[in-house]
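Visitor: Contents of start.pdb (PDB, C-alpha atoms):
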```
ATOM      1  CA  MET P  77      -1.123   9.023  11.328
ATOM      2  CA  HIS P  78       1.943  11.161  11.120
ATOM      3  CA  MET P  79       4.378  10.929   8.234
ATOM      4  CA  GLU P  80       6.944   8.718   9.965
ATOM      5  CA  SER P  81       4.398   5.980  10.689
ATOM      6  CA  ILE P  82       3.110   6.091   7.103
ATOM      7  CA  GLU P  83       6.653   5.624   5.823
ATOM      8  CA  GLU P  84       7.153   2.757   8.280
ATOM      9  CA  ARG P  85       3.912   1.172   7.052
ATOM     10  CA  ALA P  86       5.096   1.497   3.446
ATOM     11  CA  ALA P  87       8.391  -0.217   4.313
ATOM     12  CA  ALA P  88       6.580  -2.954   6.259
ATOM     13  CA  MET P  89       4.204  -3.587   3.346
ATOM     14  CA  ALA P  90       7.080  -3.745   0.874
ATOM     15  CA  ALA P  91       8.985  -6.214   3.053
ATOM     16  CA  TRP P  92       5.846  -8.338   3.511
ATOM     17  CA  ILE P  93       5.150  -8.388  -0.226
ATOM     18  CA  LEU P  94       8.710  -9.488  -0.938
ATOM     19  CA  GLU P  95       8.736 -12.149   1.803
ATOM     20  CA  ASN P  96       5.420 -13.611   0.659
ATOM     21  CA  ASN P  97       5.785 -13.030  -3.083
ATOM     22  CA  ALA P  98       2.397 -11.345  -2.701
ATOM     23  CA  THR P  99       0.128  -9.092  -4.714
ATOM     24  CA  VAL P 100      -1.116  -5.605  -3.883
ATOM     25  CA  ARG P 101      -4.539  -7.134  -3.176
ATOM     26  CA  ALA P 102      -3.046  -9.588  -0.660
ATOM     27  CA  ALA P 103      -1.056  -6.808   1.033
ATOM     28  CA  ALA P 104      -4.157  -4.638   1.298
ATOM     29  CA  ALA P 105      -6.025  -7.473   3.013
ATOM     30  CA  ALA P 106      -3.109  -8.280   5.333
ATOM     31  CA  PHE P 107      -2.612  -4.649   6.409
ATOM     32  CA  GLY P 108      -6.287  -3.694   6.523
ATOM     33  CA  VAL P 109      -5.991  -0.889   3.964
ATOM     34  CA  SER P 110      -7.272  -0.366   0.419
ATOM     35  CA  LYS P 111      -5.403  -1.443  -2.700
ATOM     36  CA  SER P 112      -5.027   2.230  -3.617
ATOM     37  CA  THR P 113      -3.366   2.925  -0.249
ATOM     38  CA  VAL P 114      -0.899   0.077  -0.806
ATOM     39  CA  HIS P 115      -0.164   1.367  -4.295
ATOM     40  CA  LYS P 116       0.305   4.956  -3.119
ATOM     41  CA  ASP P 117       2.550   3.890  -0.231
ATOM     42  CA  LEU P 118       4.711   1.739  -2.475
ATOM     43  CA  THR P 119       4.973   3.971  -5.525
ATOM     44  CA  GLU P 120       4.995   7.463  -3.997
ATOM     45  CA  ARG P 121       6.180   7.231  -0.391
ATOM     46  CA  LEU P 122       8.604   4.312  -0.443
ATOM     47  CA  PRO P 123      10.924   5.683  -3.188
ATOM     48  CA  ARG P 124      11.556   8.787  -1.058
ATOM     49  CA  SER P 125      12.169   6.961   2.213
ATOM     50  CA  ARG P 126      13.698   3.597   1.147
ATOM     51  CA  PRO P 127      14.846   3.710  -2.504
ATOM     52  CA  SER P 128      16.612   0.331  -2.465
ATOM     53  CA  LEU P 129      13.571  -1.429  -0.984
ATOM     54  CA  TYR P 130      11.406   0.351  -3.548
ATOM     55  CA  ARG P 131      13.506  -1.011  -6.423
ATOM     56  CA  GLU P 132      13.096  -4.568  -5.112
ATOM     57  CA  VAL P 133       9.348  -4.342  -4.608
ATOM     58  CA  ARG P 134       8.859  -2.492  -7.914
ATOM     59  CA  SER P 135      10.375  -5.442  -9.740
ATOM     60  CA  LEU P 136       7.937  -7.845  -8.066
ATOM     61  CA  LEU P 137       4.964  -5.529  -8.668
ATOM     62  CA  ASP P 138       5.882  -5.228 -12.343
ATOM     63  CA  ARG P 139       6.051  -9.016 -12.654
ATOM     64  CA  ASN P 140       2.686  -9.387 -10.885
ATOM     65  CA  LYS P 141       1.156  -6.840 -13.231
ATOM     66  CA  ALA P 142       2.509  -8.685 -16.265
ATOM     67  CA  GLU P 143       1.071 -11.977 -14.969
ATOM     68  CA  ARG P 144      -2.251 -10.510 -13.809
ATOM     69  CA  HIS P 145      -4.136 -11.484 -16.959
ATOM     70  CA  ILE P 146      -3.049 -15.100 -16.489
ATOM     71  CA  ARG P 147      -4.333 -15.245 -12.890
ATOM     72  CA  GLY P 148      -7.588 -13.626 -14.007
ATOM     73  CA  GLY P 149      -8.057 -16.163 -16.772
ATOM     74  CA  LEU P 150      -7.426 -19.044 -14.380
ATOM     75  CA  ALA P 151      -9.920 -17.607 -11.887
ATOM     76  CA  THR P 152     -12.533 -17.290 -14.626
ATOM     77  CA  ARG P 153     -11.918 -20.876 -15.689
ATOM     78  CA  ARG P 154     -12.361 -22.084 -12.092
ATOM     79  CA  LYS P 155     -15.527 -20.027 -11.725
ATOM     80  CA  TYR P 156     -17.186 -21.574 -14.731
ATOM     81  CA  ARG P 157     -16.032 -25.067 -13.840
ATOM     82  CA  GLY P 158     -17.481 -24.612 -10.365
ATOM     83  CA  GLU P 159     -14.120 -25.020  -8.662
ATOM     84  CA  ARG P 160     -13.010 -23.189  -5.568
ATOM     85  CA  SER P 161      -9.921 -20.994  -5.719
ATOM     86  CA  GLY P 162      -7.120 -22.089  -3.487
TER      87      GLY P 162
END
```
Starting from the coordinates I provided, produce the structure as structure tokens.
Guide:
Amino acid sequence: MHMESIEERAAAMAAWILENNATVRAAAAAFGVSKSTVHKDLTERLPRSRPSLYREVRSLLDRNKAERHIRGGLATRRKYRGERSG
């Protein structure tokens, strides 16, 4: 991939995350890349190519990170209750 297409992918991922109020994990699955690729695209490439989009997605990523422990606790509770995640 050349640089322009990587920057386009970063912008597409950021827009998708914002539209779907999604996590890095969900974006990685949707775009067929690793979580580390999503993170690198959004935190290193996007600020250089689309700073305003970066600021929007950064806010959502920060909120997701702050809430991550809550989602993990709920998943653990479901696991031990034998419930399926939805």
Visitor: Return the single residue from P:Ala104, P:Ser81, P:Leu94, P:Ala88 that is closest to P:Glu132, with distances computed using only C-alpha atoms.
Guide: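 Closest to P:Glu132, using only C-alpha atoms: P:Leu94.
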Visitor: Please report as JSON lines every residue of stretch 88-119 of chain P lying within 8 Å of stretch 133-155 of chain P, along with the nearest atom pair and their distance in Å (one decimal), using only C-alpha atoms.
Guide:
```
{"residue": "P:Ala90", "atom": "CA", "partner": "P:Val133", "partner_atom": "CA", "distance": 6.0}
{"residue": "P:Ala91", "atom": "CA", "partner": "P:Val133", "partner_atom": "CA", "distance": 7.9}
{"residue": "P:Ile93", "atom": "CA", "partner": "P:Val133", "partner_atom": "CA", "distance": 7.3}
{"residue": "P:Leu94", "atom": "CA", "partner": "P:Val133", "partner_atom": "CA", "distance": 6.4}
{"residue": "P:Asn97", "atom": "CA", "partner": "P:Leu136", "partner_atom": "CA", "distance": 7.5}
{"residue": "P:Thr99", "atom": "CA", "partner": "P:Asn140", "partner_atom": "CA", "distance": 6.7}
{"residue": "P:Val100", "atom": "CA", "partner": "P:Leu137", "partner_atom": "CA", "distance": 7.7}
{"residue": "P:Leu118", "atom": "CA", "partner": "P:Val133", "partner_atom": "CA", "distance": 7.9}
{"residue": "P:Thr119", "atom": "CA", "partner": "P:Arg134", "partner_atom": "CA", "distance": 7.9}
```
Visitor: What does the structure give for the distance between atom CA of P:Ser128 and atom CA of P:Thr113, in Å to one decimal?
Guide: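 Taking atom CA of P:Ser128 and atom CA of P:Thr113, their separation equals 20.3 Å.
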Visitor: Using all atoms listed in the file, which residues sit within 10 Å of P:Arg126 once same-chain residues fewer than 3 positions away are excluded, as an mmCIF file with C-alpha atoms, in the coordinates of the input?
Guide:
```
data_model
loop_
_atom_site.group_PDB
_atom_site.id
_atom_site.type_symbol
_atom_site.label_atom_id
_atom_site.label_comp_id
_atom_site.auth_asym_id
_atom_site.auth_seq_id
_atom_site.Cartn_x
_atom_site.Cartn_y
_atom_site.Cartn_z
ATOM 1 C CA GLU P 83 6.653 5.624 5.823
ATOM 2 C CA GLU P 84 7.153 2.757 8.280
ATOM 3 C CA ALA P 86 5.096 1.497 3.446
ATOM 4 C CA ALA P 87 8.391 -0.217 4.313
ATOM 5 C CA ALA P 90 7.080 -3.745 0.874
ATOM 6 C CA LEU P 118 4.711 1.739 -2.475
ATOM 7 C CA ARG P 121 6.180 7.231 -0.391
ATOM 8 C CA LEU P 122 8.604 4.312 -0.443
ATOM 9 C CA PRO P 123 10.924 5.683 -3.188
ATOM 10 C CA LEU P 129 13.571 -1.429 -0.984
ATOM 11 C CA TYR P 130 11.406 0.351 -3.548
ATOM 12 C CA ARG P 131 13.506 -1.011 -6.423
#
```
Visitor: As an exercise, work out the distance from atom CA of P:Tyr156 to atom CA of P:Asn96 in Å and give it to one decimal place.
Guide: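 Those two atoms sit 28.5 Å apart.
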Visitor: Which of these residues is nearest to P:Ala102, using only C-alpha atoms: P:Ile82, P:His115, P:Glu120, P:Ser125?
Guide: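 Distance minimum relative to P:Ala102 lands on P:His115.
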Visitor: Which value, in Å to one decimal, gives the distance between atom CA of P:Pro127 and atom CA of P:Ala105?
Guide: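 Atom-to-atom, atom CA of P:Pro127 to atom CA of P:Ala105, that is 24.3 Å.
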